[in-house]
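K.L.:
This one is start-v8.cif, mmCIF, C-alpha atoms.
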data_upload
#
loop_
_atom_site.label_atom_id
_atom_site.label_comp_id
_atom_site.auth_asym_id
_atom_site.auth_seq_id
_atom_site.Cartn_x
_atom_site.Cartn_y
_atom_site.Cartn_z
CA MET A 1 95.24 138.07 134.59
CA LEU A 2 98.29 135.86 134.68
CA GLN A 3 97.36 132.22 134.29
CA SER A 4 99.57 129.33 135.36
CA HIS A 5 99.62 127.69 131.93
CA SER A 6 101.95 124.95 130.82
CA LEU A 7 104.63 125.40 128.21
CA LEU A 8 102.52 123.41 125.76
CA TRP A 9 99.65 125.83 126.33
CA HIS A 10 101.86 128.82 125.53
CA TYR A 11 103.22 127.09 122.47
CA LEU A 12 99.78 126.12 121.14
CA TRP A 13 98.50 129.65 121.69
CA LEU A 14 101.43 131.44 120.07
CA GLY A 15 102.83 128.80 117.70
CA PRO A 16 100.05 128.87 115.10
CA GLN A 17 100.07 132.67 115.14
CA ILE A 18 103.78 132.81 114.42
CA LEU A 19 103.34 130.25 111.65
CA GLN A 20 100.43 132.32 110.35
CA ALA A 21 102.57 135.45 110.33
CA ALA A 22 105.21 133.52 108.35
CA LEU A 23 102.51 132.38 105.93
CA VAL A 24 101.40 135.99 105.48
CA VAL A 25 104.96 136.97 104.50
CA LEU A 26 105.23 134.06 102.06
CA LEU A 27 101.85 134.79 100.48
CA TRP A 28 102.86 138.44 100.16
CA ARG A 29 106.10 137.51 98.41
CA ARG A 30 104.29 135.16 96.04
CA ARG A 31 101.59 137.80 95.45
CA VAL A 32 98.89 135.29 96.42
CA TYR A 33 97.18 138.08 98.39
CA LYS A 34 95.89 139.42 95.08
CA GLN A 35 94.12 136.15 94.45
CA PHE A 36 92.74 135.71 97.98
CA PRO A 37 92.58 139.19 99.54
CA VAL A 38 89.96 138.31 102.17
CA PHE A 39 91.80 135.18 103.29
CA PHE A 40 95.00 137.21 103.45
CA ALA A 41 93.22 139.81 105.62
CA TYR A 42 91.87 136.98 107.76
CA LEU A 43 95.37 135.60 108.40
CA ILE A 44 96.65 139.04 109.44
CA PHE A 45 93.63 139.75 111.65
CA GLU A 46 93.65 136.32 113.29
CA ALA A 47 97.38 136.51 114.11
CA THR A 48 97.09 140.06 115.46
CA GLU A 49 94.00 139.25 117.50
CA ALA A 50 95.44 136.08 119.03
CA ILE A 51 98.76 137.71 119.94
CA THR A 52 96.91 140.70 121.48
CA LEU A 53 94.72 138.37 123.54
CA TYR A 54 97.77 136.40 124.62
CA LEU A 55 99.52 139.56 125.81
CA MET A 56 96.36 140.66 127.63
CA ASP A 57 96.22 137.25 129.30
CA VAL A 58 99.80 137.50 130.45
CA LEU A 59 99.66 141.13 131.62
CA PRO A 60 98.63 141.29 135.31
CA SER A 61 97.04 144.72 134.87
CA VAL A 62 94.32 143.43 132.53
CA SER A 63 91.14 142.34 134.31
CA VAL A 64 89.09 139.26 133.46
CA GLY A 65 86.19 141.43 132.27
CA ALA A 66 88.44 143.51 130.01
CA TRP A 67 89.92 140.34 128.50
CA TRP A 68 86.53 138.85 127.67
CA LEU A 69 85.32 142.18 126.30
CA ALA A 70 88.32 142.35 123.96
CA PHE A 71 87.68 138.71 123.04
CA CYS A 72 84.04 139.45 122.12
CA ILE A 73 84.88 142.57 120.08
CA GLY A 74 87.57 140.65 118.20
CA LEU A 75 85.15 137.80 117.66
CA VAL A 76 82.55 140.00 115.97
CA PHE A 77 85.10 141.35 113.47
CA GLU A 78 86.60 137.88 112.99
CA GLY A 79 83.13 136.49 112.30
CA PHE A 80 82.57 138.98 109.48
CA ILE A 81 86.00 138.24 107.98
CA ARG A 82 85.39 134.48 108.17
CA LEU A 83 82.09 134.92 106.33
CA GLY A 84 84.02 136.99 103.79
CA VAL A 85 86.42 134.07 103.34
CA MET A 86 83.40 131.85 102.61
CA GLY A 87 82.26 134.34 99.97
CA GLU A 88 85.74 134.35 98.47
CA LEU A 89 85.81 130.55 98.26
CA PHE A 90 82.40 130.53 96.60
CA PHE A 91 83.51 133.20 94.15
CA HIS A 92 86.60 131.19 93.18
CA LEU A 93 84.50 128.08 92.74
CA LEU A 94 81.92 129.66 90.46
CA ARG A 95 83.75 132.41 88.60
CA SER A 96 84.64 130.10 85.69
CA ARG A 97 81.26 128.32 85.82
CA PRO A 98 78.58 130.86 84.94
CA ALA A 99 76.12 128.02 84.32
CA LEU A 100 75.98 127.42 88.07
CA ALA A 101 76.28 130.99 89.32
CA LYS A 102 72.55 131.61 89.60
CA ILE A 103 71.50 128.32 91.18
CA GLY A 104 74.63 128.33 93.37
CA GLY A 105 73.92 131.84 94.59
CA ARG A 106 70.33 130.96 95.43
CA LEU A 107 71.28 127.74 97.20
CA ILE A 108 73.97 129.34 99.33
CA THR A 109 71.62 132.20 100.27
CA CYS A 110 68.95 129.72 101.38
CA THR A 111 71.52 127.61 103.23
CA GLY A 112 72.88 130.71 104.97
CA ALA A 113 69.37 131.78 106.02
CA VAL A 114 68.58 128.31 107.43
CA LEU A 115 71.92 128.22 109.28
CA VAL A 116 71.35 131.67 110.81
CA LEU A 117 67.94 130.48 112.01
CA LEU A 118 69.35 127.26 113.49
CA ALA A 119 72.26 129.08 115.11
CA THR A 120 69.88 131.64 116.64
CA LEU A 121 67.68 128.85 118.03
CA ALA A 122 70.71 127.04 119.46
CA ALA A 123 71.91 130.31 121.04
CA ALA A 124 68.46 130.96 122.51
CA TYR A 125 68.42 127.55 124.21
CA ALA A 126 71.97 127.82 125.61
CA PRO A 127 72.02 128.54 129.37
CA VAL A 128 73.66 131.64 130.86
CA ASP A 129 74.11 130.33 134.38
CA SER A 130 76.51 132.62 136.10
CA GLN A 131 75.82 136.34 136.15
CA GLN A 132 79.37 136.90 137.34
CA PHE A 133 80.86 135.40 134.19
CA ALA A 134 77.95 136.27 131.92
CA ILE A 135 80.23 137.89 129.37
CA GLY A 136 82.31 134.72 129.19
CA TYR A 137 79.23 132.56 128.60
CA ARG A 138 77.95 134.99 125.98
CA ALA A 139 81.30 134.83 124.23
CA HIS A 140 80.99 131.02 124.16
CA ILE A 141 77.49 131.28 122.71
CA LEU A 142 78.68 133.80 120.12
CA GLN A 143 81.48 131.42 119.13
CA GLN A 144 79.02 128.54 118.84
CA THR A 145 76.74 130.68 116.65
CA LEU A 146 79.49 131.84 114.30
CA TYR A 147 81.06 128.40 113.97
CA MET A 148 77.68 126.80 113.32
CA ILE A 149 77.07 129.14 110.38
CA GLU A 150 80.61 128.77 109.04
CA CYS A 151 80.70 124.99 109.40
CA GLY A 152 77.33 124.69 107.65
CA LEU A 153 78.46 126.92 104.77
CA ILE A 154 81.73 125.01 104.31
CA LEU A 155 79.85 121.71 104.36
CA PHE A 156 77.47 123.14 101.76
CA LEU A 157 80.43 124.14 99.55
CA PHE A 158 81.92 120.65 99.69
CA VAL A 159 78.59 118.92 99.02
CA PHE A 160 77.78 121.38 96.20
CA THR A 161 81.10 120.73 94.45
CA ALA A 162 80.69 116.97 94.92
CA CYS A 163 77.14 117.02 93.49
CA PHE A 164 78.22 118.88 90.37
CA LYS A 165 81.59 117.08 90.18
CA LEU A 166 83.45 120.38 90.18
CA THR A 167 87.18 120.48 90.74
CA TRP A 168 88.68 122.81 93.33
CA ASP A 169 91.91 124.52 92.52
CA ARG A 170 94.63 123.60 94.99
CA SER A 171 94.71 126.83 97.00
CA THR A 172 90.91 127.05 97.29
CA LEU A 173 90.72 123.43 98.44
CA GLY A 174 93.43 124.09 101.03
CA ILE A 175 91.62 127.11 102.46
CA ALA A 176 88.27 125.29 102.48
CA LEU A 177 89.74 122.17 104.09
CA GLY A 178 91.53 124.17 106.78
CA ARG A 179 88.46 126.25 107.58
CA GLY A 180 86.27 123.13 107.43
CA ILE A 181 88.35 121.22 109.97
CA SER A 182 88.74 124.28 112.18
CA SER A 183 85.04 125.23 112.12
CA SER A 184 83.72 121.72 112.77
CA VAL A 185 86.09 120.98 115.67
CA HIS A 186 85.58 124.46 117.17
CA LEU A 187 81.81 124.13 116.77
CA GLY A 188 81.85 120.96 118.86
CA THR A 189 84.09 122.35 121.60
CA TRP A 190 82.36 125.75 121.87
CA ALA A 191 78.97 124.03 121.93
CA VAL A 192 80.11 121.97 124.93
CA MET A 193 81.42 125.12 126.65
CA ALA A 194 78.36 127.22 125.77
CA ASN A 195 76.05 124.58 127.22
CA GLY A 196 77.99 124.18 130.46
CA GLY A 197 79.67 120.86 129.68
CA MET A 198 82.99 119.62 131.14
CA PRO A 199 83.28 122.47 133.67
CA GLN A 200 86.31 120.93 135.45
CA SER A 201 88.30 120.08 132.35
CA ARG A 202 87.73 122.96 129.95
CA TYR A 203 91.46 123.21 129.46
CA LEU A 204 91.25 119.98 127.43
CA LEU A 205 88.82 121.64 125.04
CA ASP A 206 91.13 124.66 124.81
CA PHE A 207 94.03 122.34 123.99
CA LEU A 208 91.93 120.63 121.33
CA ASN A 209 90.95 123.99 119.79
CA MET A 210 94.48 125.30 119.71
CA ALA A 211 95.99 122.04 118.42
CA THR A 212 93.36 121.88 115.67
CA TYR A 213 94.15 125.42 114.59
CA GLN A 214 97.84 124.55 114.46
CA ILE A 215 97.00 121.66 112.11
CA CYS A 216 94.88 123.97 109.94
CA VAL A 217 97.72 126.47 109.56
CA LEU A 218 100.02 123.62 108.54
CA ILE A 219 97.40 122.50 105.98
CA TRP A 220 97.42 126.01 104.49
CA PHE A 221 101.21 125.92 104.33
CA TYR A 222 101.05 122.60 102.51
CA TYR A 223 98.42 123.64 99.97
CA PHE A 224 99.97 127.04 99.26
CA LEU A 225 103.62 126.11 99.20
CA VAL A 226 103.88 122.52 97.97
CA PRO A 227 103.34 122.51 94.21
CA GLN A 228 100.59 120.36 92.74
CA LYS A 229 101.67 117.16 91.02
CA SER A 230 100.99 117.50 87.34
CA ALA A 231 97.56 116.23 86.35
CA THR A 232 96.43 115.58 82.80
CA THR A 233 95.51 118.94 81.38
CA SER A 234 95.40 118.23 77.71
CA ALA A 235 95.34 115.40 75.24
CA VAL A 236 92.55 113.72 77.21
CA SER A 237 92.15 110.31 75.62
CA LEU A 238 88.79 109.97 73.94
CA PRO A 239 86.87 106.79 73.13
CA GLU A 240 86.51 105.04 69.82
CA ASN A 241 85.59 106.61 66.50
CA HIS A 242 82.07 107.39 65.17
CA LEU A 243 82.11 111.13 65.80
CA ASP A 244 81.13 112.02 62.25
CA ILE A 245 78.33 109.47 62.15
CA TRP A 246 77.10 110.57 65.55
CA ASN A 247 77.20 114.19 64.48
CA ARG A 248 75.17 113.38 61.36
CA GLU A 249 72.61 111.50 63.44
CA LEU A 250 72.46 114.33 65.90
CA GLU A 251 71.80 116.89 63.21
CA ARG A 252 69.03 114.68 61.89
CA LEU A 253 67.55 114.54 65.37
CA LEU A 254 67.74 118.27 65.83
CA HIS A 255 65.91 118.91 62.57
CA GLN A 256 63.07 116.53 63.32
CA MET B 1 73.66 119.61 127.64
CA ASN B 2 71.42 117.63 125.25
CA LEU B 3 71.76 120.44 122.76
CA ALA B 4 75.55 120.27 123.09
CA ILE B 5 75.50 116.54 122.37
CA VAL B 6 73.39 117.09 119.25
CA ILE B 7 75.73 119.85 118.03
CA VAL B 8 78.85 117.77 118.76
CA ILE B 9 77.43 114.84 116.79
CA ALA B 10 76.49 117.17 113.91
CA ALA B 11 79.97 118.73 113.97
CA ALA B 12 81.62 115.28 113.93
CA LEU B 13 79.47 114.25 110.97
CA ALA B 14 80.31 117.50 109.15
CA LEU B 15 84.01 116.93 109.78
CA GLY B 16 83.78 113.37 108.47
CA ILE B 17 81.96 114.47 105.30
CA ILE B 18 84.36 117.35 104.67
CA LEU B 19 87.43 115.13 105.08
CA HIS B 20 85.93 112.40 102.90
CA LEU B 21 85.01 114.84 100.11
CA ALA B 22 88.38 116.61 100.30
CA VAL B 23 90.27 113.31 100.01
CA THR B 24 88.01 112.17 97.15
CA GLN B 25 88.63 115.48 95.38
CA SER B 26 92.40 115.17 95.79
CA LEU B 27 92.38 111.61 94.45
CA GLN B 28 90.19 112.64 91.50
CA ALA B 29 92.63 115.37 90.58
CA LYS B 30 95.47 112.82 90.49
CA ARG B 31 93.77 110.27 88.23
CA SER B 32 92.24 112.31 85.47
CA THR B 33 93.41 110.14 82.60
CA ASP B 34 91.07 108.17 80.35
CA LEU B 35 88.03 109.98 81.64
CA ALA B 36 86.16 109.72 78.38
CA VAL B 37 86.31 105.92 78.56
CA SER B 38 83.79 106.03 81.40
CA ILE B 39 81.19 107.73 79.21
CA ARG B 40 78.25 105.41 78.62
CA PRO B 41 76.44 105.93 75.32
CA ILE B 42 72.71 106.70 75.51
CA ASP B 43 70.08 105.80 72.98
CA ILE B 44 68.51 109.22 72.68
CA GLU B 45 65.77 107.97 70.36
CA ALA B 46 64.62 105.40 72.89
CA PHE B 47 64.67 107.99 75.62
CA ARG B 48 62.79 110.47 73.46
CA ASN B 49 60.18 107.81 72.82
CA LEU B 50 59.97 107.07 76.52
CA ILE B 51 59.20 110.67 77.44
CA ASN B 52 56.81 111.32 74.58
CA PRO B 53 53.51 112.58 76.11
CA ALA B 54 51.59 111.17 73.13
CA GLU B 55 52.79 107.67 74.05
CA ASP B 56 51.54 108.16 77.59
CA GLU B 57 48.22 109.46 76.34
CA TYR B 58 47.87 106.49 74.01
CA LEU B 59 48.53 104.07 76.90
CA ARG B 60 46.12 105.96 79.14
CA CYS B 61 43.32 105.59 76.58
CA ARG B 62 44.04 101.91 75.88
CA LEU B 63 44.70 100.50 79.34
CA PRO B 64 42.56 100.25 82.47
CA ALA B 65 43.52 102.83 85.13
CA ASN B 66 45.38 100.46 87.49
CA ARG B 67 47.20 98.73 84.62
CA PHE B 68 48.15 102.13 83.20
CA ARG B 69 49.63 103.19 86.54
CA GLY B 70 51.80 100.05 86.61
CA VAL B 71 53.02 100.56 83.05
CA ARG B 72 53.62 104.25 83.70
CA ARG B 73 55.72 103.42 86.76
CA GLU B 74 57.80 101.00 84.71
CA ARG B 75 58.35 103.67 82.09
CA LEU B 76 59.29 106.20 84.77
CA ARG B 77 61.85 103.79 86.26
CA ALA B 78 63.37 103.28 82.83
CA MET B 79 63.37 107.05 82.35
CA ALA B 80 65.18 107.50 85.68
CA ALA B 81 67.81 104.96 84.59
CA TYR B 82 68.42 106.97 81.38
CA VAL B 83 68.62 110.24 83.29
CA HIS B 84 71.10 108.71 85.76
CA VAL B 85 73.36 107.75 82.87
CA ALA B 86 72.99 111.24 81.35
CA ALA B 87 73.92 112.78 84.72
CA SER B 88 76.91 110.50 85.07
CA ASN B 89 78.06 111.32 81.52
CA ALA B 90 77.64 115.02 82.26
CA ALA B 91 79.87 114.63 85.34
CA VAL B 92 82.56 112.96 83.23
CA LEU B 93 82.27 115.69 80.61
CA VAL B 94 82.66 118.38 83.28
CA ARG B 95 85.96 116.77 84.25
CA VAL B 96 87.06 116.24 80.64
CA GLY B 97 86.27 119.90 79.92
CA GLU B 98 88.02 121.16 83.04
CA ALA B 99 91.09 119.05 82.25
CA ALA B 100 91.18 120.60 78.77
CA LEU B 101 90.67 124.17 80.04
CA ALA B 102 94.38 124.63 80.68
CA SER B 103 95.17 123.90 77.06
CA GLY B 104 97.42 126.41 75.35
CA ASP B 105 95.24 126.33 72.24
CA ALA B 106 92.64 129.09 72.48
CA ARG B 107 90.11 127.16 70.36
CA VAL B 108 90.40 124.08 72.59
CA ALA B 109 90.08 126.19 75.74
CA GLU B 110 86.99 127.92 74.33
CA ALA B 111 85.39 124.60 73.37
CA ALA B 112 86.29 123.20 76.80
CA GLN B 113 84.65 126.16 78.55
CA GLN B 114 81.52 125.68 76.46
CA LEU B 115 81.52 121.97 77.25
CA VAL B 116 81.87 122.61 80.99
CA ASN B 117 78.99 125.10 80.96
CA ASP B 118 76.69 122.83 78.95
CA ALA B 119 77.56 119.77 81.02
CA LEU B 120 76.92 121.66 84.26
CA LEU B 121 73.54 122.80 82.95
CA LEU B 122 72.75 119.22 81.97
CA ARG B 123 73.79 118.02 85.41
CA ARG B 124 71.51 120.61 87.00
CA ASN B 125 68.64 119.63 84.71
CA THR B 126 69.11 115.93 85.38
CA THR B 127 68.90 116.62 89.12
CA VAL B 128 65.60 118.46 88.63
CA ALA B 129 64.35 115.82 86.20
CA LEU B 130 65.14 113.00 88.63
CA ALA B 131 63.26 114.80 91.38
CA ARG B 132 60.27 115.12 89.05
CA ILE B 133 60.49 111.48 87.96
CA TYR B 134 60.47 110.28 91.55
CA LEU B 135 57.53 112.57 92.30
CA ALA B 136 55.75 111.20 89.26
CA LEU B 137 56.42 107.67 90.53
CA ALA B 138 54.30 108.56 93.55
CA TRP B 139 51.57 110.07 91.33
CA PRO B 140 51.76 108.20 88.02
CA ASN B 141 48.75 110.07 86.59
CA SER B 142 50.49 113.45 86.80
CA GLY B 143 52.03 115.00 83.68
CA PHE B 144 55.77 115.00 83.23
CA ALA B 145 58.23 116.58 80.86
CA ALA B 146 61.92 115.66 80.63
CA VAL B 147 62.27 117.19 77.20
CA ARG B 148 64.74 119.81 78.45
CA VAL B 149 67.09 117.04 79.57
CA VAL B 150 67.11 115.57 76.08
CA GLU B 151 67.68 118.95 74.47
CA ARG B 152 70.49 119.73 76.90
CA TYR B 153 72.05 116.31 76.40
CA GLU B 154 72.14 116.83 72.65
CA ARG B 155 73.76 120.20 73.10
CA VAL B 156 76.40 118.82 75.48
CA SER B 157 77.11 116.00 73.07
CA GLY B 158 77.68 118.51 70.29
CA THR B 159 80.11 120.51 72.41
CA ALA B 160 81.94 117.36 73.49
CA MET B 161 82.35 116.37 69.88
CA LEU B 162 83.69 119.79 69.01
CA LEU B 163 86.21 119.57 71.85
CA GLY B 164 87.16 116.04 70.82
CA ARG B 165 87.73 117.19 67.26
CA LEU B 166 89.87 120.12 68.34
CA GLN B 167 91.96 118.02 70.74
CA ASN B 168 92.42 114.94 68.65
CA PRO B 169 90.83 114.80 65.20
CA ALA B 170 91.73 111.11 64.89
CA LEU B 171 89.96 109.95 68.05
CA PRO B 172 86.45 111.34 68.20
CA VAL B 173 83.95 111.00 71.02
CA ARG B 174 80.73 108.96 71.07
CA LEU B 175 77.92 109.71 73.46
CA SER B 176 75.00 108.07 71.76
CA ALA B 177 74.35 104.37 71.20
CA ARG B 178 72.37 104.29 67.98
CA LEU B 179 75.03 104.93 65.43
#
Starting from the coordinates I provided, produce the structure as structure tokens.
P.N.:
Amino acid sequence: MLQSHSLLWHYLWLGPQILQAALVVLLWRRRVYKQFPVFFAYLIFEATEAITLYLMDVLPSVSVGAWWLAFCIGLVFEGFIRLGVMGELFFHLLRSRPALAKIGGRLITCTGAVLVLLATLAAAYAPVDSQQFAIGYRAHILQQTLYMIECGLILFLFVFTACFKLTWDRSTLGIALGRGISSSVHLGTWAVMANGGMPQSRYLLDFLNMATYQICVLIWFYYFLVPQKSATTSAVSLPENHLDIWNRELERLLHQ
Amino acid sequence: MNLAIVIVIAAALALGIILHLAVTQSLQAKRSTDLAVSIRPIDIEAFRNLINPAEDEYLRCRLPANRFRGVRRERLRAMAAYVHVAASNAAVLVRVGEAALASGDARVAEAAQQLVNDALLLRRNTTVALARIYLALAWPNSGFAAVRVVERYERVSGTAMLLGRLQNPALPVRLSARL
């Protein structure tokens, strides 16, 4: 299944995976994998999957059908791991905020259910035109479905933290931002592909997908490896006096 | 293809929101000084009076129905303004508490954790209370209770004061106006 791809194509396919492998080594050395085990597993799986698919694409002995089948199988596992990453982000966000654990859990469950419903509807309305390349179309629809759910969940996480004015820790924000950019861009491109758009220039969408993923990997590098500039962590300046008087008034109020 | 266009637009919007919120979050983390200055004191007594069901009942008995609805709406708008300030103060206190969480002093860290929890509960309650106030604006004759917001606000204030005392006994915090 040798394709006549440009050098840029080869670089964009393999480059992010090599960077990802390097990130895995660095996270291992810094023992960050203990903090984010699912994300760590995701990085390993994603790099392995992409390199395997690349080799299958280059090997002449691999048929088109076999390539798409491998792509779909990998996609199913990747989908579960990506949802696991969402769970990990949510866990990190709420573990030190028990006051929001219950309402947050309920909200994300409801959001997830609505997203699954919407993604199923979108998949049901997507056309499967060609029987010859049915597996390819189904893979596009599966991608659209998974990215729709992931993008919705990430958006929910960002809106939830903004509503409650929560602060992300640096690593969690980096993972969420990378996955957010990746899932929203990929959702758009796979939706176009799944619905039969831009049939003559799909390679542009592939370039966009691969370039976006490269940017996301670089974002993870930045957030994991560049130390955070020191923010105020103590000695927060407080307003003018009156605490004792206020406390006395408050006690009076409470005993009314 | 129409479906694809809708999804692409939705994805672009999602990307825009995510980037905006991520940038806002990064900027917030960098300027976390003088947070407590942005706390706006609230006259709890006035608010308590505003949400007193007996006051509403008194007005209902004294005023004609259409006049009562007008007055009730005015009171609900004032109530919403108070709750907005309480929500905004809670947001500031969440950030003050989270900034103090990293403190080496165990007592300060414990007070900060308590403050964060209480402020988050207050923020949640203010969201629910605002929803109920706006519903009540549509049906002014319906009953309404924002008492939990007041109770939560008092509790948060107490925790904030404790944290303020532990961090800097000379510079206490003030969350209420009538002092």
K.L.:
Can you turn the PyMOL selection byres ((chain B and resi 18) around 8) into a concrete residue list for this file, as a ChimeraX atom specification?
P.N.:
/A:155,158,177,180-181 /B:14-17,19-22
K.L.:
Do you have the atom CA of A:Ser96-atom CA of A:Val25 distance handy?
P.N.:
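Atom CA of A:Ser96 sits 28.5 Å away from atom CA of A:Val25.
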K.L.:
I need the residue nearest A:Gly65 from this list: A:Phe39, A:Ser201, A:Tyr137, A:Tyr223. Use all atoms listed in the file for the distance.
P.N.:
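Nearest to A:Gly65: A:Tyr137.
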K.L.:
Which residue, B:Ala102, B:Leu59, B:Leu137, B:Ala54, has the smallest gap to chain A when you use all atoms listed in the file?
P.N.:
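For chain A, the nearest of the given residues is B:Ala102.
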K.L.:
Taking the file as shown, what set of residues would the PyMOL selection byres ((chain A and resi 174) around 12) give back, as number ranges by chain?
P.N.:
A: 39, 89, 168-173, 175-181, 215-226, 228; B: 18-19, 22-23, 25-26
K.L.:
Please determine, counting all atoms listed in the file, which residue among B:Ser38, B:Arg73, B:Asn125, B:Asp118 has the shortest atom-to-atom distance to A:Pro98.
P.N.:
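Ranking B:Ser38, B:Arg73, B:Asn125, B:Asp118 by distance to A:Pro98, first place goes to B:Asp118.
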K.L.:
Enter the distance from atom CA of A:Phe91 to atom CA of B:Val94, in Å, rounded to one decimal.
P.N.:
18.4 Å
K.L.:
Which residues fall under the PyMOL selection byres ((chain B and resi 90) around 10) in this file, as a PyMOL selection string?
P.N.:
(chain A and resi 164-165) or (chain B and resi 39+84-89+91-96+115-116+118-124+126+153+156-157)
K.L.:
Could you tell me how far atom CA of A:Asp206 sits from atom CA of A:Trp13, in Å to one decimal place?
P.N.:
9.4 Å
K.L.:
Looking at all atoms listed in the file, which of B:Val128, B:Ile44, B:Leu13, B:Ile5 is the one that sits closest to B:Tyr82?
P.N.:
B:Ile44
